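Structure data (JSON, C-alpha atoms) from final-v9.json:
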[["chain", "number", "residue", "atom", "x", "y", "z"],
["A", 350, "MET", "CA", 16.27, -10.71, -6.88],
["A", 351, "LYS", "CA", 13.27, -12.73, -8.01],
["A", 352, "HIS", "CA", 10.56, -13.47, -5.45],
["A", 353, "ASN", "CA", 7.69, -15.94, -5.48],
["A", 354, "ILE", "CA", 4.38, -14.15, -5.15],
["A", 355, "PHE", "CA", 0.68, -14.80, -4.69],
["A", 356, "PHE", "CA", -1.82, -13.11, -7.00],
["A", 357, "LEU", "CA", -4.92, -12.27, -4.98],
["A", 358, "ASN", "CA", -8.50, -11.63, -6.05],
["A", 359, "ALA", "CA", -9.62, -8.34, -4.47],
["A", 360, "GLU", "CA", -13.21, -9.47, -3.92],
["A", 361, "ILE", "CA", -12.12, -12.58, -2.04],
["A", 362, "LEU", "CA", -9.66, -10.46, -0.07],
["A", 363, "LYS", "CA", -12.56, -8.20, 0.93],
["A", 364, "GLN", "CA", -14.50, -11.26, 2.08],
["A", 365, "TYR", "CA", -11.51, -12.39, 4.12],
["A", 366, "LEU", "CA", -11.22, -8.99, 5.82],
["A", 367, "LYS", "CA", -14.94, -8.93, 6.58],
["A", 368, "GLN", "CA", -15.07, -12.45, 8.00],
["A", 369, "TYR", "CA", -11.62, -12.91, 9.52],
["A", 370, "GLY", "CA", -10.21, -9.38, 9.80],
["A", 371, "ARG", "CA", -8.01, -8.91, 12.87],
["A", 372, "GLY", "CA", -8.23, -5.12, 13.06],
["A", 373, "VAL", "CA", -6.12, -2.05, 12.35],
["A", 374, "HIS", "CA", -3.22, -3.16, 14.53],
["A", 375, "SER", "CA", -2.61, -6.32, 12.52],
["A", 376, "LYS", "CA", -1.20, -7.12, 9.09],
["A", 377, "ASP", "CA", -4.80, -7.06, 7.83],
["A", 378, "TYR", "CA", -4.67, -3.26, 7.83],
["A", 379, "GLU", "CA", -2.09, -3.43, 5.05],
["A", 380, "PHE", "CA", -4.26, -5.91, 3.16],
["A", 381, "ALA", "CA", -7.18, -3.46, 3.37],
["A", 382, "ILE", "CA", -5.03, -0.59, 2.08],
["A", 383, "SER", "CA", -3.94, -2.76, -0.85],
["A", 384, "VAL", "CA", -7.60, -3.13, -1.87],
["A", 385, "HIS", "CA", -8.15, 0.63, -1.66],
["A", 386, "ALA", "CA", -4.95, 1.24, -3.64],
["A", 387, "LYS", "CA", -6.08, -1.15, -6.37],
["A", 388, "GLU", "CA", -9.42, 0.64, -6.71],
["A", 389, "TYR", "CA", -7.76, 4.08, -6.64],
["A", 390, "PHE", "CA", -5.23, 3.34, -9.37],
["A", 391, "GLU", "CA", -7.71, 1.45, -11.55],
["A", 392, "GLU", "CA", -9.96, 4.51, -11.61],
["A", 393, "LYS", "CA", -7.10, 6.98, -11.97],
["A", 394, "LEU", "CA", -5.27, 5.14, -14.75],
["A", 395, "ASN", "CA", -8.17, 3.28, -16.38],
["A", 396, "GLN", "CA", -6.09, 0.13, -15.95],
["A", 397, "GLN", "CA", -6.96, -3.20, -14.37],
["A", 398, "PHE", "CA", -4.65, -4.50, -11.62],
["A", 399, "VAL", "CA", -4.31, -7.57, -9.44],
["A", 400, "ILE", "CA", -2.86, -7.45, -5.93],
["A", 401, "THR", "CA", 0.28, -9.44, -5.23],
["A", 402, "PHE", "CA", 2.04, -10.42, -2.01],
["A", 403, "GLU", "CA", 5.41, -12.03, -1.55],
["A", 404, "GLN", "CA", 5.55, -15.66, -0.40],
["A", 405, "ASN", "CA", 7.75, -16.74, 2.47],
["A", 406, "SER", "CA", 10.03, -19.78, 2.33],
["A", 407, "LYS", "CA", 7.52, -22.28, 3.76],
["A", 408, "ARG", "CA", 6.64, -25.09, 1.37],
["A", 409, "HIS", "CA", 3.08, -25.38, 0.05],
["A", 410, "ASN", "CA", 1.17, -27.11, -2.73],
["A", 411, "PHE", "CA", -0.77, -24.17, -4.11],
["A", 412, "PRO", "CA", -0.47, -23.78, -7.90],
["A", 413, "ASN", "CA", 0.91, -20.66, -9.53],
["A", 414, "ARG", "CA", -1.49, -17.81, -10.34],
["A", 415, "PHE", "CA", -4.66, -19.45, -9.12],
["A", 416, "THR", "CA", -7.75, -17.89, -7.54],
["A", 417, "PRO", "CA", -7.94, -19.17, -3.95],
["A", 418, "SER", "CA", -11.13, -19.88, -2.07],
["A", 419, "LEU", "CA", -11.84, -17.87, 1.08],
["A", 420, "GLU", "CA", -10.36, -20.57, 3.32],
["A", 421, "GLN", "CA", -7.33, -21.00, 1.06],
["A", 422, "LEU", "CA", -6.75, -17.25, 1.15],
["A", 423, "ARG", "CA", -6.93, -17.28, 4.92],
["A", 424, "GLU", "CA", -4.28, -20.00, 5.02],
["A", 425, "ILE", "CA", -2.08, -18.13, 2.55],
["A", 426, "LEU", "CA", -2.21, -14.82, 4.41],
["A", 427, "THR", "CA", -1.70, -16.30, 7.87],
["A", 428, "THR", "CA", 0.89, -18.95, 6.98],
["A", 429, "TYR", "CA", 2.68, -18.24, 3.70],
["A", 430, "ASN", "CA", 2.76, -14.45, 3.41],
["A", 431, "GLU", "CA", 6.24, -12.94, 3.81],
["A", 432, "GLU", "CA", 6.20, -10.23, 6.48],
["A", 433, "ASP", "CA", 9.91, -9.44, 6.69],
["A", 434, "THR", "CA", 10.10, -7.61, 3.39],
["A", 435, "PRO", "CA", 10.57, -3.98, 2.26],
["A", 436, "VAL", "CA", 7.49, -4.32, 0.01],
["A", 437, "ASP", "CA", 4.09, -4.73, 1.65],
["A", 438, "PHE", "CA", 2.20, -5.40, -1.58],
["A", 439, "ALA", "CA", 2.35, -4.74, -5.31],
["A", 440, "LEU", "CA", -0.13, -4.00, -8.08],
["A", 441, "ALA", "CA", 0.36, -5.98, -11.28],
["A", 442, "PRO", "CA", -1.22, -4.52, -14.46],
["A", 443, "VAL", "CA", -3.57, -6.75, -16.43],
["A", 444, "SER", "CA", -4.51, -6.31, -20.10],
["A", 445, "ALA", "CA", -7.00, -8.54, -21.93],
["A", 446, "ASP", "CA", -7.11, -10.74, -18.80],
["A", 447, "LYS", "CA", -3.36, -11.36, -19.03],
["A", 448, "LEU", "CA", -0.67, -10.14, -16.66],
["A", 449, "GLU", "CA", 1.77, -7.74, -18.28],
["A", 450, "GLY", "CA", 4.75, -9.28, -16.48],
["A", 451, "TYR", "CA", 5.64, -6.58, -13.95],
["A", 452, "ALA", "CA", 4.20, -4.91, -10.86],
["A", 453, "TYR", "CA", 4.33, -1.64, -8.95],
["A", 454, "PRO", "CA", 5.56, -2.25, -5.36],
["A", 455, "PHE", "CA", 4.33, -0.30, -2.32],
["A", 456, "GLN", "CA", 5.48, 0.16, 1.25],
["A", 457, "ILE", "CA", 3.11, 1.35, 3.99],
["A", 458, "LYS", "CA", 4.32, 3.46, 6.92],
["A", 459, "ARG", "CA", 2.20, 4.76, 9.77],
["A", 460, "PHE", "CA", 2.84, 8.20, 11.22],
["A", 461, "TYR", "CA", 1.76, 8.51, 14.85],
["A", 462, "SER", "CA", 1.25, 11.78, 16.68],
["A", 463, "THR", "CA", -0.60, 12.92, 19.79],
["A", 464, "SER", "CA", -0.98, 16.57, 18.80],
["A", 465, "LEU", "CA", -1.89, 18.65, 15.77],
["A", 466, "ASP", "CA", 0.67, 21.26, 16.82],
["A", 467, "ARG", "CA", 3.14, 21.69, 13.93],
["A", 468, "ALA", "CA", 1.44, 18.71, 12.26],
["A", 469, "ASN", "CA", 2.64, 19.56, 8.75],
["A", 470, "GLU", "CA", 6.22, 20.08, 9.86],
["A", 471, "LYS", "CA", 6.33, 16.80, 11.79],
["A", 472, "LEU", "CA", 4.70, 14.78, 9.02],
["A", 473, "ALA", "CA", 6.98, 16.29, 6.36],
["A", 474, "ALA", "CA", 10.07, 15.47, 8.44],
["A", 475, "PHE", "CA", 8.83, 11.89, 8.84],
["A", 476, "ILE", "CA", 8.20, 11.50, 5.11],
["A", 477, "ASN", "CA", 11.57, 13.02, 4.17],
["A", 478, "GLU", "CA", 13.40, 10.66, 6.52],
["A", 479, "LYS", "CA", 11.59, 7.52, 5.37],
["A", 480, "ALA", "CA", 11.69, 8.32, 1.65],
["A", 481, "ASN", "CA", 15.37, 9.30, 1.49],
["A", 482, "LYS", "CA", 16.40, 6.37, 3.67],
["A", 483, "TYR", "CA", 14.49, 3.87, 1.58],
["A", 484, "ARG", "CA", 16.59, 4.24, -1.60],
["A", 485, "SER", "CA", 14.37, 2.19, -3.88],
["A", 486, "SER", "CA", 13.35, 4.11, -6.98],
["A", 487, "GLN", "CA", 10.54, 1.71, -7.94],
["A", 488, "VAL", "CA", 8.62, 1.72, -4.64],
["A", 489, "GLY", "CA", 5.60, 3.87, -3.86],
["A", 490, "LEU", "CA", 5.48, 4.98, -0.22],
["A", 491, "ILE", "CA", 2.03, 5.16, 1.40],
["A", 492, "ILE", "CA", 1.91, 7.23, 4.59],
["A", 493, "VAL", "CA", -0.97, 6.65, 7.01],
["A", 494, "PRO", "CA", -1.17, 9.51, 9.56],
["A", 495, "GLN", "CA", -2.80, 8.47, 12.82],
["A", 496, "MET", "CA", -3.42, 10.88, 15.68],
["A", 497, "ARG", "CA", -3.79, 9.11, 18.99],
["A", 498, "GLY", "CA", -6.76, 10.14, 21.10],
["A", 499, "GLN", "CA", -8.68, 12.19, 18.55],
["A", 500, "GLU", "CA", -10.54, 11.96, 15.27],
["A", 501, "THR", "CA", -8.51, 13.15, 12.30],
["A", 502, "ASN", "CA", -8.78, 13.35, 8.55],
["A", 503, "THR", "CA", -6.89, 14.98, 5.72],
["A", 504, "LYS", "CA", -8.18, 18.40, 6.81],
["A", 505, "SER", "CA", -5.77, 18.10, 9.74],
["A", 506, "PHE", "CA", -3.00, 18.79, 7.24],
["A", 507, "ASP", "CA", -2.53, 21.60, 4.77],
["A", 508, "ILE", "CA", -1.64, 19.51, 1.73],
["A", 509, "LYS", "CA", -0.18, 22.42, -0.25],
["A", 510, "ASP", "CA", 2.01, 23.42, 2.68],
["A", 511, "LEU", "CA", 2.95, 19.79, 3.32],
["A", 512, "LYS", "CA", 4.11, 19.35, -0.27],
["A", 513, "SER", "CA", 6.25, 22.49, 0.00],
["A", 514, "LYS", "CA", 8.08, 21.01, 3.00],
["A", 515, "LEU", "CA", 9.07, 17.79, 1.26],
["A", 516, "ASN", "CA", 12.72, 17.40, 0.32],
["A", 517, "ILE", "CA", 13.06, 14.02, -1.37],
["A", 518, "GLN", "CA", 16.02, 13.08, -3.52],
["A", 519, "GLU", "CA", 15.32, 12.03, -7.09],
["A", 520, "GLY", "CA", 15.73, 8.27, -7.33],
["A", 521, "ALA", "CA", 15.12, 7.72, -3.62],
["A", 522, "ILE", "CA", 11.59, 6.47, -4.16],
["A", 523, "ARG", "CA", 8.94, 6.38, -6.88],
["A", 524, "ALA", "CA", 6.13, 8.38, -5.28],
["A", 525, "VAL", "CA", 4.61, 9.33, -1.92],
["A", 526, "TYR", "CA", 0.93, 9.20, -0.99],
["A", 527, "VAL", "CA", -1.13, 9.97, 2.09],
["A", 528, "PHE", "CA", -3.95, 7.54, 2.85],
["A", 529, "GLN", "CA", -6.79, 8.31, 5.26],
["A", 530, "PHE", "CA", -10.51, 7.92, 5.66],
["A", 531, "PHE", "CA", -12.47, 11.16, 5.28],
["A", 532, "ASN", "CA", -16.17, 10.97, 6.14],
["A", 533, "GLU", "CA", -15.79, 7.16, 5.99],
["A", 534, "THR", "CA", -14.47, 7.40, 2.42],
["A", 535, "PRO", "CA", -10.93, 6.13, 1.71],
["A", 536, "LYS", "CA", -8.72, 8.82, 0.19],
["A", 537, "PHE", "CA", -5.32, 8.67, -1.50],
["A", 538, "ILE", "CA", -3.55, 11.99, -1.97],
["A", 539, "GLY", "CA", -0.40, 12.18, -4.06],
["A", 540, "LEU", "CA", 2.28, 14.27, -2.33],
["A", 541, "TRP", "CA", 5.39, 13.72, -4.43],
["A", 542, "ALA", "CA", 6.45, 11.80, -7.53],
["A", 543, "SER", "CA", 9.77, 11.11, -9.22],
["A", 544, "GLN", "CA", 10.40, 12.27, -12.76],
["A", 545, "GLU", "CA", 10.07, 8.66, -13.92],
["A", 546, "ALA", "CA", 6.66, 8.32, -12.27],
["A", 547, "LEU", "CA", 5.53, 11.64, -13.73],
["A", 548, "ALA", "CA", 6.59, 10.52, -17.20],
["A", 549, "GLU", "CA", 4.57, 7.30, -16.87],
["A", 550, "ASN", "CA", 1.67, 9.04, -15.08],
["A", 551, "ILE", "CA", 2.02, 6.63, -12.11],
["A", 552, "LYS", "CA", 1.71, 9.31, -9.45]]

Let me see the structure of the file written as structure tokens.
Amino acid sequence: MKHNIFFLNAEILKQYLKQYGRGVHSKDYEFAISVHAKEYFEEKLNQQFVITFEQNSKRHNFPNRFTPSLEQLREILTTYNEEDTPVDFALAPVSADKLEGYAYPFQIKRFYSTSLDRANEKLAAFINEKANKYRSSQVGLIIVPQMRGQETNTKSFDIKDLKSKLNIQEGAIRAVYVFQFFNETPKFIGLWASQEALAENIK
């Protein structure tokens, strides 16, 4: 199914988050992760991307593929962004300042826990359930672990052990990542990738 989408400038999106950001418990948290994902994959793949979001069905007069002002972006994200969708954002490759005509979709899921006891086992079970239930071979799943009531970072999890506990069916999803801040630095850690993603180095 074809969807109408907005192509967003990452720098203006950063300005929006700084000036109008509504915090980690709002949709803005996903917008912030999309910026970090763009920067991560651009460095990893030496490829330029633009961030895209799906439009809802409300009518508007914005042109296709334009660069919105800060106030226009605020209106787009609060009024015309589709929230009831299995894809939270996508990254569209750009070459020679031209879009290549496709995009890599991502879904963000938060993992909440109140204890570090059996943290790897619980997180792995959560990832296995979400990934195998999703059944969309083109989507990258971004897991955001959040421990209530305490400071956490990726050292809370043994990544090697966590990877060994994953049991994801080939074709269920494209790849799985953990996203967290460590010493105030955003970190993406690849946990699992399909054979297709490995072949294309999108992992």

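In this model, the gap between CA of Lys367 in chain A and CA of Glu424 in chain A comes to 15.4 Å.
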
Residues at most 9 Å from range 372-385 of chain A, counting all atoms listed in the file, excluding those fewer than 2 positions away in the same chain, as a compact mmCIF listing (two decimals) with C-alpha atoms, in the frame of the given file?
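Dumped everything to out.txt:
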# COMPACT_ATOMS: atom_id res chain seq x y z
CA ALA A 359 -9.62 -8.34 -4.47
CA GLU A 360 -13.21 -9.47 -3.92
CA LEU A 362 -9.66 -10.46 -0.07
CA LYS A 363 -12.56 -8.20 0.93
CA LEU A 366 -11.22 -8.99 5.82
CA GLY A 370 -10.21 -9.38 9.80
CA LYS A 387 -6.08 -1.15 -6.37
CA GLU A 388 -9.42 0.64 -6.71
CA TYR A 389 -7.76 4.08 -6.64
CA PHE A 390 -5.23 3.34 -9.37
CA ILE A 400 -2.86 -7.45 -5.93
CA LEU A 426 -2.21 -14.82 4.41
CA GLU A 432 6.20 -10.23 6.48
CA ASP A 437 4.09 -4.73 1.65
CA PHE A 438 2.20 -5.40 -1.58
CA ALA A 439 2.35 -4.74 -5.31
CA LEU A 440 -0.13 -4.00 -8.08
CA PHE A 455 4.33 -0.30 -2.32
CA ILE A 457 3.11 1.35 3.99
CA PHE A 528 -3.95 7.54 2.85
CA PRO A 535 -10.93 6.13 1.71
CA LYS A 536 -8.72 8.82 0.19
CA PHE A 537 -5.32 8.67 -1.50

Between A:Thr428, A:Ser486, A:Asn516, A:Gln456, which residue has the minimum interatomic distance to Gln544 in chain A, considering all atoms listed in the file? A:Ser486

Quick one: residues within 10 Å of Gln518 in chain A, only C-alpha atoms counted, chain neighbours fewer than 5 positions away excluded, as an MDAnalysis selection string? chainID A and resid 477 480:482 484 486 543

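Distances from A:Glu391, A:Glu533, A:Asp466, A:Glu519 to Leu547 in chain A were compared using only C-alpha atoms, and the smallest one belongs to A:Glu519.
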
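Rounded to one decimal, CA of Phe398 in chain A and CA of Tyr451 in chain A lie 10.8 Å from each other.
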
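Using all atoms listed in the file, the smallest distance between any of A:Tyr453, A:Lys479, A:Glu549, A:Asn405 and Ile492 in chain A comes from A:Lys479.
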
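Across the structure, CA of Gln495 in chain A and CA of Lys514 in chain A are spaced 19.3 Å apart.
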